[in-house]
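Inspection log for the structure reproduced underneath, given as structure tokens.
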Amino acid sequence: MKTPPFKLHFPDTIASACELASDLLKSGEDFDWIAGGTDLLANYKWHINTKPHVISLSKIPSLQVLSEFEIGAMVRLSDLEDSELIHPLVKEAAGKVASRLIRQNATLGGNLCVDTRCFWFNQSEEWRASIEWCHKCDCGTGADCRVIPNQNELCVATYQGDLAPNLMVLGATVHLFGPEGERSMLLDSFFELDGITRNVLKKGELIGKVTFPENSRQYVGKYQKLRLRETWDFPEAGVAAAWIPGQSETLRVATTALESIPRMHEEEVASSNGDPVAISLAIHKNVKPVNNTFFPPRYRRSMVKVLVKRALEGY
């Protein structure tokens with residue numbers, strides 16, 4: 001399928017990108033940021049929420065920094081997979097995203113901001129029109145959600161990014177840039193529980209980089225991913241765990257692909273006295289996947305227990 005026409009912009013600094021975004025918004029023109037484009041361009045070909053302007057971040061050198069405690073938003077996942085500078089947990093997660101070919105284009109920022117997915121949404125425009133759209137759809141009709149009937153207040157499309165839970169358990173901070181300046185927050189505060197808004201980015205804001213605390217290098221951990229095929233597919237469920245050896249109180253566990261955001265499970269870990277079985281049961285009890293991905297919710301939820309136990313091997 002062909003992408004609809006749009007104007008492509010290539011700013012060369014974060015400041016000029018934010019200025020361009022501000023000018024477009026003031027003139028009533030909508031736009032999308034594009035990093036690697038592996039998710040956005042596919043959606044454009046399906047005519048999903050297309051915009052008349054697209055601002056590429058590929059010409060901004062400051063977004064491509066890669067060091068031990070800092071990863072720019074435009075760093076390719078293949079570079080994360082190959083780098084000896086970054087934490088092994090991030091390397092592991094990056095290497096499990098899609099295929100090697102896609103990882104050579106996909107970026108850190110794009111993976112964090114990947115659009116939520118749903119059976120009823122990620123289809124062609126003709127298919128979506130034939131079922132009279134859905135709550136997340138681009139038609140502006142105010143249609144009801146197809147997953148949870150008779151409501152159009154909350155979108156339950158599923159977040160299926162791999163990197164976020166792994167960065168969260170390492171205590172990562174995300175740095176945002178926009179027309180109003182820079183702001184930073186822990187990554188687990190970046191996501192917003194709604195399949196449409198997805199995160200706290202304001203209009204005209206972009207992710208600039210992710211940084212890690214110095215003690216992140218003391219952590220060890222694993223990432224376990226459930227998917228249909230060993231390559232290519234988005235996670236149907238994912239569990240990341242990290243801890244400092246010999247310090248049980250440092251354990252952190254996060255999940256992805258089970259709701260509209262990746263989630264830290266601090267309460268479940270705290271209430272389980274460090275017992276991996278108890279942690280797995282507590283997280284299994286509290287996650288509530290819905291029927292909008294390939295595997296049915298009951299199976300995905302059951303597999304969470306298995307994934308948590310595997311992620312905690314060696315804890």
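Every chain in the structure tokens takes a letter, A first, then B, and so on in the order presented; its residues are numbered from 1, and the ligands are numbered from 1 following the presented order.
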> Do you know which residues are at most 6 Å from region 216-226 of chain A counting only C-alpha atoms, after dropping those on the same chain fewer than 4 positions away, and could you put them as an NGL selection string?
Replying inline: :A and (170 or 235-244 or 307 or 311)
Those same residues, written as a compact mmCIF listing (two decimals), in the first residue's frame with N, CA and C atoms?
# COMPACT_ATOMS: atom_id res chain seq x y z
N LEU A 170 16.27 -0.64 35.64
CA LEU A 170 17.61 -0.09 35.86
C LEU A 170 17.57 1.35 36.37
N PRO A 235 6.20 -8.48 21.46
CA PRO A 235 5.94 -9.33 22.63
C PRO A 235 4.45 -9.47 22.89
N GLU A 236 4.03 -10.68 23.25
CA GLU A 236 2.67 -10.91 23.74
C GLU A 236 2.65 -10.75 25.26
N ALA A 237 3.80 -10.89 25.87
CA ALA A 237 4.03 -10.61 27.28
C ALA A 237 5.53 -10.53 27.47
N GLY A 238 5.98 -9.65 28.34
CA GLY A 238 7.41 -9.52 28.60
C GLY A 238 7.64 -9.18 30.06
N VAL A 239 8.70 -9.77 30.64
CA VAL A 239 9.04 -9.52 32.04
C VAL A 239 10.52 -9.20 32.14
N ALA A 240 10.85 -8.07 32.74
CA ALA A 240 12.24 -7.70 33.02
C ALA A 240 12.45 -7.67 34.53
N ALA A 241 13.57 -8.20 34.97
CA ALA A 241 13.91 -8.19 36.40
C ALA A 241 15.37 -7.80 36.56
N ALA A 242 15.67 -7.03 37.60
CA ALA A 242 17.05 -6.63 37.88
C ALA A 242 17.23 -6.48 39.38
N TRP A 243 18.43 -6.79 39.84
CA TRP A 243 18.75 -6.70 41.26
C TRP A 243 20.26 -6.62 41.44
N ILE A 244 20.68 -6.11 42.59
CA ILE A 244 22.10 -6.11 42.95
C ILE A 244 22.37 -7.41 43.73
N LEU A 307 7.24 -16.53 33.01
CA LEU A 307 8.23 -15.54 32.61
C LEU A 307 8.90 -14.90 33.83
N ALA A 311 12.80 -15.02 34.69
CA ALA A 311 13.56 -13.76 34.81
C ALA A 311 14.28 -13.68 36.14
Please identify all polymer residues within 12 Å of Ala129 (chain A), counting only C-alpha atoms, omitting same-chain residues fewer than 2 positions from it, and present them as a PDB file with C-alpha atoms, in the first residue's frame.
ATOM      1  CA  HIS A  47      -3.543   5.103   6.541  1.00  0.00           C
ATOM      2  CA  ILE A  48      -3.588   5.060  10.347  1.00  0.00           C
ATOM      3  CA  TRP A 120      -9.342  -3.590  15.640  1.00  0.00           C
ATOM      4  CA  PHE A 121      -6.932  -0.753  14.889  1.00  0.00           C
ATOM      5  CA  GLN A 123      -5.734  -2.947   9.895  1.00  0.00           C
ATOM      6  CA  SER A 124      -6.216  -1.290   6.521  1.00  0.00           C
ATOM      7  CA  GLU A 125      -8.436   1.767   6.224  1.00  0.00           C
ATOM      8  CA  GLU A 126     -10.993  -0.237   4.204  1.00  0.00           C
ATOM      9  CA  TRP A 127     -11.125  -2.945   6.888  1.00  0.00           C
ATOM     10  CA  ILE A 131     -16.612  -2.357  10.983  1.00  0.00           C
ATOM     11  CA  GLU A 132     -17.567   1.277  11.593  1.00  0.00           C
ATOM     12  CA  TRP A 133     -14.238   2.230  13.182  1.00  0.00           C
ATOM     13  CA  CYS A 134     -13.239   2.005  16.866  1.00  0.00           C
ATOM     14  CA  CYS A 137      -9.489   5.107  15.127  1.00  0.00           C
ATOM     15  CA  ASP A 138      -8.600   8.162  13.066  1.00  0.00           C
ATOM     16  CA  CYS A 139     -12.134   8.969  11.904  1.00  0.00           C
ATOM     17  CA  THR A 141     -16.572   9.608  15.122  1.00  0.00           C
ATOM     18  CA  ALA A 143     -17.037   5.246  18.192  1.00  0.00           C
TER      19      ALA A 143
END
>> Between A:Met1, A:Leu66, A:Cys145, A:Ala15, which residue has the minimum interatomic distance to Trp46 (chain A), considering only C-alpha atoms?
In response: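 For Trp46 (chain A), the nearest of the candidates is A:Met1.
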> Which of these residues is nearest to Ser58 (chain A), using only C-alpha atoms: A:Asn292, A:Ser22, A:Thr107, A:Ser260?
Replying inline: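 Nearest candidate to Ser58 (chain A) out of A:Asn292, A:Ser22, A:Thr107, A:Ser260: A:Thr107.
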> Taking into account only C-alpha atoms, which residue in the set A:Phe177, A:Tyr315, A:Phe31, A:Phe10 is nearest to Gly246 (chain A)?
Replying inline: A:Tyr315
>> For a quick check of understanding, using only C-alpha atoms, which of A:Val287, A:Leu312, A:Leu258, A:Val75 has the smallest distance to Gly274 (chain A)?
In response: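 So, comparing all the options, the nearest one is A:Leu312.
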>> Just list as a ChimeraX atom specification whatever in region 136-236 of chain A DSSP marks as helix (DSSP H, G or I).
In response: /A:163-169,187-189,214-218
Output C-alpha atoms for every residue in the selection just made, as a short mmCIF file (atom, residue, chain, number, x, y, z; two decimals), in the first residue's frame.
data_model
loop_
_atom_site.label_atom_id
_atom_site.label_comp_id
_atom_site.auth_asym_id
_atom_site.auth_seq_id
_atom_site.Cartn_x
_atom_site.Cartn_y
_atom_site.Cartn_z
CA LEU A 163 13.04 -1.78 25.89
CA ALA A 164 10.89 0.13 28.38
CA PRO A 165 10.60 -2.48 31.17
CA ASN A 166 14.33 -3.17 31.04
CA LEU A 167 15.22 0.51 31.27
CA MET A 168 12.71 0.95 34.09
CA VAL A 169 14.21 -1.76 36.30
CA LEU A 187 10.90 6.39 32.83
CA ASP A 188 8.13 4.62 34.75
CA SER A 189 6.45 8.05 35.13
CA GLU A 214 25.80 5.25 38.36
CA ASN A 215 24.72 2.27 40.46
CA SER A 216 22.86 0.74 37.49
CA ARG A 217 26.06 -1.12 36.59
CA GLN A 218 25.82 -3.05 39.86
#
